[in-house]
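So this one's upload-v3.txt, compact mmCIF, C-alpha atoms:
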# COMPACT_ATOMS: atom_id res chain seq x y z
CA ASP A 312 95.98 -27.47 10.87
CA GLN A 313 93.66 -30.47 10.93
CA GLN A 314 90.76 -29.43 13.13
CA VAL A 315 88.91 -32.70 12.71
CA LYS A 316 90.92 -35.89 12.88
CA GLN A 317 90.12 -39.50 12.22
CA ASN A 318 93.25 -41.27 13.36
CA SER A 319 92.34 -44.72 12.08
CA PRO A 320 92.70 -44.88 8.29
CA SER A 321 90.96 -48.24 8.19
CA LEU A 322 88.90 -50.67 10.24
CA SER A 323 88.02 -54.26 9.55
CA VAL A 324 85.22 -56.09 11.36
CA GLN A 325 83.24 -59.29 11.03
CA GLU A 326 79.64 -59.24 9.91
CA GLY A 327 77.31 -59.03 12.89
CA ARG A 328 79.88 -57.44 15.17
CA ILE A 329 80.07 -53.84 16.28
CA SER A 330 81.99 -51.24 14.26
CA ILE A 331 83.30 -48.26 16.20
CA LEU A 332 84.65 -45.32 14.26
CA ASN A 333 86.34 -42.50 16.12
CA CYS A 334 86.80 -38.81 15.52
CA ASP A 335 88.55 -36.05 17.47
CA TYR A 336 88.29 -32.32 17.06
CA THR A 337 90.25 -29.35 18.34
CA ASN A 338 88.04 -26.34 17.64
CA SER A 339 85.90 -25.49 20.67
CA MET A 340 83.53 -23.52 18.44
CA PHE A 341 82.24 -26.69 16.77
CA ASP A 342 78.78 -27.45 18.08
CA TYR A 343 77.25 -29.73 15.48
CA PHE A 344 78.70 -32.99 14.26
CA LEU A 345 77.81 -35.29 11.40
CA TRP A 346 78.81 -38.63 9.99
CA TYR A 347 78.79 -39.31 6.28
CA LYS A 348 79.26 -42.49 4.30
CA LYS A 349 81.01 -42.34 0.97
CA TYR A 350 81.63 -44.79 -1.85
CA PRO A 351 84.43 -44.22 -4.39
CA ALA A 352 83.59 -41.65 -7.07
CA GLU A 353 80.36 -40.69 -5.31
CA GLY A 354 79.35 -37.85 -3.05
CA PRO A 355 78.97 -38.36 0.71
CA THR A 356 75.64 -39.59 2.03
CA PHE A 357 74.40 -38.25 5.35
CA LEU A 358 74.10 -40.88 8.10
CA ILE A 359 73.52 -39.29 11.45
CA SER A 360 74.24 -36.09 13.34
CA ILE A 361 74.44 -34.82 16.88
CA SER A 362 74.20 -31.42 18.47
CA SER A 363 76.57 -30.42 21.24
CA ILE A 364 73.66 -30.20 23.67
CA LYS A 365 73.36 -33.98 23.47
CA ASP A 366 75.77 -36.77 24.20
CA LYS A 367 74.04 -39.51 22.25
CA ASN A 368 71.87 -39.87 19.19
CA GLU A 369 70.52 -43.10 17.82
CA ASP A 370 69.03 -44.03 14.46
CA GLY A 371 68.48 -47.70 13.81
CA ARG A 372 71.81 -49.49 13.70
CA PHE A 373 73.72 -46.23 13.98
CA THR A 374 74.52 -44.45 17.24
CA VAL A 375 76.74 -41.41 17.63
CA PHE A 376 78.29 -40.54 20.97
CA LEU A 377 79.73 -37.14 21.82
CA ASN A 378 82.17 -36.44 24.65
CA LYS A 379 82.57 -32.67 24.67
CA SER A 380 85.14 -32.55 27.44
CA ALA A 381 87.38 -34.88 25.47
CA LYS A 382 86.43 -33.31 22.13
CA HIS A 383 85.72 -36.77 20.85
CA LEU A 384 82.88 -38.44 19.02
CA SER A 385 82.31 -41.95 17.84
CA LEU A 386 79.97 -43.78 15.50
CA HIS A 387 78.77 -47.24 16.49
CA ILE A 388 77.26 -49.55 13.91
CA VAL A 389 75.49 -52.59 15.34
CA PRO A 390 75.22 -55.12 13.83
CA SER A 391 77.70 -54.45 11.04
CA GLN A 392 76.73 -55.62 7.56
CA PRO A 393 78.85 -56.12 4.42
CA GLY A 394 76.90 -53.29 2.79
CA ASP A 395 78.30 -50.93 5.41
CA SER A 396 81.72 -51.23 3.80
CA ALA A 397 82.63 -47.71 2.68
CA VAL A 398 84.62 -44.66 3.72
CA TYR A 399 83.17 -42.88 6.74
CA PHE A 400 83.79 -39.19 7.30
CA CYS A 401 83.03 -37.22 10.40
CA ALA A 402 82.36 -33.53 9.94
CA ALA A 403 81.91 -30.60 12.25
CA SER A 404 80.17 -27.26 12.04
CA ALA A 405 80.08 -24.12 14.18
CA GLY A 406 76.70 -22.47 14.39
CA GLY A 407 74.48 -25.27 15.55
CA THR A 408 73.43 -26.57 12.18
CA SER A 409 74.75 -28.43 9.18
CA TYR A 410 73.78 -25.66 6.79
CA GLY A 411 77.07 -23.84 7.07
CA LYS A 412 80.69 -24.68 6.53
CA LEU A 413 81.63 -28.25 7.31
CA THR A 414 85.12 -29.31 8.32
CA PHE A 415 85.78 -32.94 7.47
CA GLY A 416 88.09 -35.52 8.93
CA GLN A 417 90.34 -37.62 6.72
CA GLY A 418 87.98 -40.56 6.62
CA THR A 419 88.12 -44.17 7.82
CA ILE A 420 87.75 -47.07 5.44
CA LEU A 421 85.41 -49.63 6.98
CA THR A 422 85.46 -53.17 5.67
CA VAL A 423 82.86 -55.61 6.96
CA HIS A 424 83.69 -59.23 6.18
CA PRO A 425 80.91 -61.78 5.67
CA GLY B 286 66.46 -37.34 0.80
CA ALA B 287 66.97 -34.39 -1.49
CA VAL B 288 68.75 -34.89 -4.77
CA VAL B 289 71.75 -32.93 -5.98
CA SER B 290 73.22 -33.59 -9.40
CA GLN B 291 76.55 -32.68 -10.93
CA HIS B 292 77.52 -32.50 -14.56
CA PRO B 293 79.74 -33.76 -15.98
CA SER B 294 80.60 -36.75 -13.83
CA ARG B 295 83.99 -37.03 -15.45
CA VAL B 296 86.00 -34.71 -17.67
CA ILE B 297 89.41 -34.88 -19.28
CA CYS B 298 90.88 -31.70 -20.67
CA LYS B 299 94.13 -30.29 -21.98
CA SER B 300 96.30 -28.05 -19.89
CA GLY B 301 95.39 -24.40 -20.36
CA THR B 302 91.72 -24.94 -21.14
CA SER B 303 88.78 -24.05 -18.91
CA VAL B 304 86.27 -26.50 -17.53
CA LYS B 305 82.79 -25.76 -16.18
CA ILE B 306 81.11 -28.01 -13.62
CA GLU B 307 77.42 -27.65 -12.86
CA CYS B 308 75.71 -28.39 -9.56
CA ARG B 309 71.93 -28.57 -9.44
CA SER B 310 69.48 -29.12 -6.61
CA LEU B 311 66.73 -31.10 -8.30
CA ASP B 312 63.85 -31.02 -5.85
CA PHE B 313 64.51 -28.08 -3.58
CA GLN B 314 65.76 -24.53 -3.68
CA ALA B 315 69.17 -23.86 -2.21
CA THR B 316 70.23 -20.36 -1.39
CA THR B 317 73.61 -21.71 -0.35
CA MET B 318 75.78 -24.24 -2.12
CA PHE B 319 79.29 -25.36 -1.27
CA TRP B 320 82.18 -26.54 -3.41
CA TYR B 321 84.63 -29.11 -2.06
CA ARG B 322 87.72 -30.72 -3.46
CA GLN B 323 89.01 -34.14 -2.54
CA PHE B 324 92.50 -35.39 -3.22
CA PRO B 325 93.09 -39.15 -3.36
CA LYS B 326 92.72 -40.74 0.07
CA LYS B 327 92.31 -37.31 1.64
CA SER B 328 89.56 -35.37 3.30
CA LEU B 329 87.06 -33.13 1.57
CA MET B 330 88.39 -29.59 1.62
CA LEU B 331 85.93 -26.73 1.39
CA MET B 332 86.87 -24.41 -1.45
CA ALA B 333 84.12 -21.84 -1.38
CA THR B 334 80.60 -21.01 -0.30
CA SER B 335 78.24 -19.98 -3.06
CA ASN B 336 75.27 -17.77 -2.25
CA GLU B 337 72.53 -17.13 -4.77
CA GLY B 338 72.71 -13.64 -6.16
CA SER B 339 75.95 -12.65 -4.49
CA LYS B 340 79.66 -13.24 -4.73
CA ALA B 341 81.09 -16.49 -3.50
CA THR B 342 83.15 -16.63 -0.34
CA TYR B 343 86.45 -18.41 -0.85
CA GLU B 344 88.45 -20.29 1.74
CA GLN B 345 91.99 -19.26 2.51
CA GLY B 346 94.42 -20.41 -0.12
CA VAL B 347 91.83 -20.88 -2.87
CA GLU B 348 92.41 -18.64 -5.90
CA LYS B 349 89.13 -16.96 -6.73
CA ASP B 350 90.32 -15.97 -10.20
CA LYS B 351 91.17 -19.56 -10.99
CA PHE B 352 88.05 -21.16 -9.55
CA LEU B 353 85.16 -19.02 -10.72
CA ILE B 354 81.85 -19.67 -8.99
CA ASN B 355 78.48 -18.48 -10.18
CA HIS B 356 75.20 -19.08 -8.36
CA ALA B 357 72.74 -17.70 -10.86
CA SER B 358 69.59 -19.33 -9.51
CA LEU B 359 68.27 -21.12 -6.45
CA THR B 360 68.89 -24.48 -8.10
CA LEU B 361 72.15 -24.00 -9.99
CA SER B 362 75.73 -23.20 -9.07
CA THR B 363 78.67 -23.53 -11.44
CA LEU B 364 82.38 -23.91 -10.82
CA THR B 365 84.71 -22.99 -13.67
CA VAL B 366 88.31 -24.08 -13.44
CA THR B 367 90.13 -21.57 -15.61
CA SER B 368 93.39 -22.30 -17.38
CA ALA B 369 93.47 -25.75 -15.87
CA HIS B 370 96.79 -27.40 -15.05
CA PRO B 371 97.60 -30.99 -14.10
CA GLU B 372 97.72 -30.04 -10.41
CA ASP B 373 94.04 -29.10 -10.66
CA SER B 374 93.22 -32.73 -11.34
CA SER B 375 90.98 -33.80 -8.50
CA PHE B 376 87.51 -34.88 -7.44
CA TYR B 377 85.19 -31.88 -7.08
CA ILE B 378 82.02 -32.22 -5.03
CA CYS B 379 79.25 -29.73 -4.49
CA SER B 380 76.63 -29.66 -1.78
CA ALA B 381 73.40 -27.76 -1.35
CA ALA B 382 72.02 -26.61 1.98
CA GLY B 383 68.55 -28.06 2.44
CA GLU B 384 66.06 -27.86 5.27
CA GLU B 385 67.74 -30.43 7.47
CA THR B 386 71.28 -30.85 6.25
CA GLN B 387 73.63 -30.45 3.34
CA TYR B 388 73.01 -32.75 0.42
CA PHE B 389 76.00 -33.70 -1.66
CA GLY B 390 76.26 -34.23 -5.37
CA PRO B 391 77.91 -37.33 -6.83
CA GLY B 392 81.11 -35.46 -7.67
CA THR B 393 83.06 -34.65 -10.82
CA ARG B 394 86.38 -36.26 -11.62
CA LEU B 395 88.63 -33.78 -13.43
CA LEU B 396 91.78 -34.95 -15.16
CA VAL B 397 94.00 -32.32 -16.75
CA LEU B 398 96.55 -33.65 -19.19
Could you show the structure in this file as structure tokens?
Amino acid sequence: DQQVKQNSPSLSVQEGRISILNCDYTNSMFDYFLWYKKYPAEGPTFLISISSIKDKNEDGRFTVFLNKSAKHLSLHIVPSQPGDSAVYFCAASAGGTSYGKLTFGQGTILTVHP
Amino acid sequence: GAVVSQHPSRVICKSGTSVKIECRSLDFQATTMFWYRQFPKKSLMLMATSNEGSKATYEQGVEKDKFLINHASLTLSTLTVTSAHPEDSSFYICSAAGEETQYFGPGTRLLVL
């Protein structure tokens, strides 16, 4: 049972444009969501997070939107840069923090073309 | 951000042998560490939660006698894959719970021949 789903295995965008990565979840107990960036043979690197009490969180070029009624979140990267090319995982936690168990989506491979 | 290391980064072993993977939090103390496994082109699957000074909590379907976890100190957790078989070949990643989030190690690639 995949509780966190990233339905797009890959995304290709042009440098300077917006990248939008999507994530859906099914477990209503999830109340904290995170996005991680991962390169091959490396561990995930934390990008940005959002609590369920918010619907938007912004950090530089990265913005995460949360739609609780739709159980959907998205990561916007503007403007996209070639260095953003990596696998992006969304993750969810129940308990209001990221200290506990994280459930990950399958990942989306982002490729940003110069 | 905080630094978490894993050792070794890559290991090849014969079927039937045991392999130990270390996870260290280098600049902070972590009472809780997590062990994940990632299959090729798949998600990270939580295997177990490791708490300093107590027994690990394993996720459903993970054999605790096969994947031995020890969290002997606030900066070190170890995962031992006992009697490894080719199906245990995978990418194993640990994380340590810090003040703001979990910090992940670089991962260990295990190949069992």
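Closest approach to chain A from the set B:Ala341, B:Ala357, B:Leu329, B:Leu311 is made by B:Leu329, with distances taken over only C-alpha atoms.
A straight line drawn from atom CA of Val288 of chain B to atom CA of Gly390 of chain B is 7.6 Å long.
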Find the residues of chain A in contact range of chain B, meaning any atom within 10 Å when counting all atoms listed in the file, and list them as number ranges by chain. A: 313, 315-317, 320, 345, 349-357, 360, 398, 400-402, 408-420
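We find atom CA of Tyr343 of chain B and atom CA of Ile359 of chain A to be spaced 27.5 Å apart.
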For a cutoff of 12 Å around the file-coordinate point (80.9, -38.2, 18.2), which residues qualify once you count all atoms listed in the file? I'd like the result as a short mmCIF file (atom, residue, chain, number, x, y, z; two decimals) with C-alpha atoms, in the frame of the given file.
data_model
loop_
_atom_site.label_atom_id
_atom_site.label_comp_id
_atom_site.auth_asym_id
_atom_site.auth_seq_id
_atom_site.Cartn_x
_atom_site.Cartn_y
_atom_site.Cartn_z
CA VAL A 315 88.91 -32.70 12.71
CA LYS A 316 90.92 -35.89 12.88
CA GLN A 317 90.12 -39.50 12.22
CA ILE A 331 83.30 -48.26 16.20
CA LEU A 332 84.65 -45.32 14.26
CA ASN A 333 86.34 -42.50 16.12
CA CYS A 334 86.80 -38.81 15.52
CA ASP A 335 88.55 -36.05 17.47
CA TYR A 336 88.29 -32.32 17.06
CA PHE A 341 82.24 -26.69 16.77
CA ASP A 342 78.78 -27.45 18.08
CA TYR A 343 77.25 -29.73 15.48
CA PHE A 344 78.70 -32.99 14.26
CA LEU A 345 77.81 -35.29 11.40
CA TRP A 346 78.81 -38.63 9.99
CA ILE A 359 73.52 -39.29 11.45
CA SER A 360 74.24 -36.09 13.34
CA ILE A 361 74.44 -34.82 16.88
CA SER A 362 74.20 -31.42 18.47
CA SER A 363 76.57 -30.42 21.24
CA LYS A 365 73.36 -33.98 23.47
CA ASP A 366 75.77 -36.77 24.20
CA LYS A 367 74.04 -39.51 22.25
CA ASN A 368 71.87 -39.87 19.19
CA GLU A 369 70.52 -43.10 17.82
CA PHE A 373 73.72 -46.23 13.98
CA THR A 374 74.52 -44.45 17.24
CA VAL A 375 76.74 -41.41 17.63
CA PHE A 376 78.29 -40.54 20.97
CA LEU A 377 79.73 -37.14 21.82
CA ASN A 378 82.17 -36.44 24.65
CA LYS A 379 82.57 -32.67 24.67
CA SER A 380 85.14 -32.55 27.44
CA ALA A 381 87.38 -34.88 25.47
CA LYS A 382 86.43 -33.31 22.13
CA HIS A 383 85.72 -36.77 20.85
CA LEU A 384 82.88 -38.44 19.02
CA SER A 385 82.31 -41.95 17.84
CA LEU A 386 79.97 -43.78 15.50
CA HIS A 387 78.77 -47.24 16.49
CA PHE A 400 83.79 -39.19 7.30
CA CYS A 401 83.03 -37.22 10.40
CA ALA A 402 82.36 -33.53 9.94
CA ALA A 403 81.91 -30.60 12.25
#
As an exercise, work out the distance from atom CA of Arg322 of chain B to atom CA of Asn318 of chain A in Å and give it to one decimal place. 20.6 Å
The centre and edge lengths of an axis-aligned box containing all atoms of segment 381-394 of chain B present in the file, extended by 6 Å on each side, are to be given in Å to one decimal, as lines of an AutoDock Vina configuration file.
center_x = 76.2
center_y = -32.0
center_z = -2.1
size_x = 32.3
size_y = 22.7
size_z = 31.1
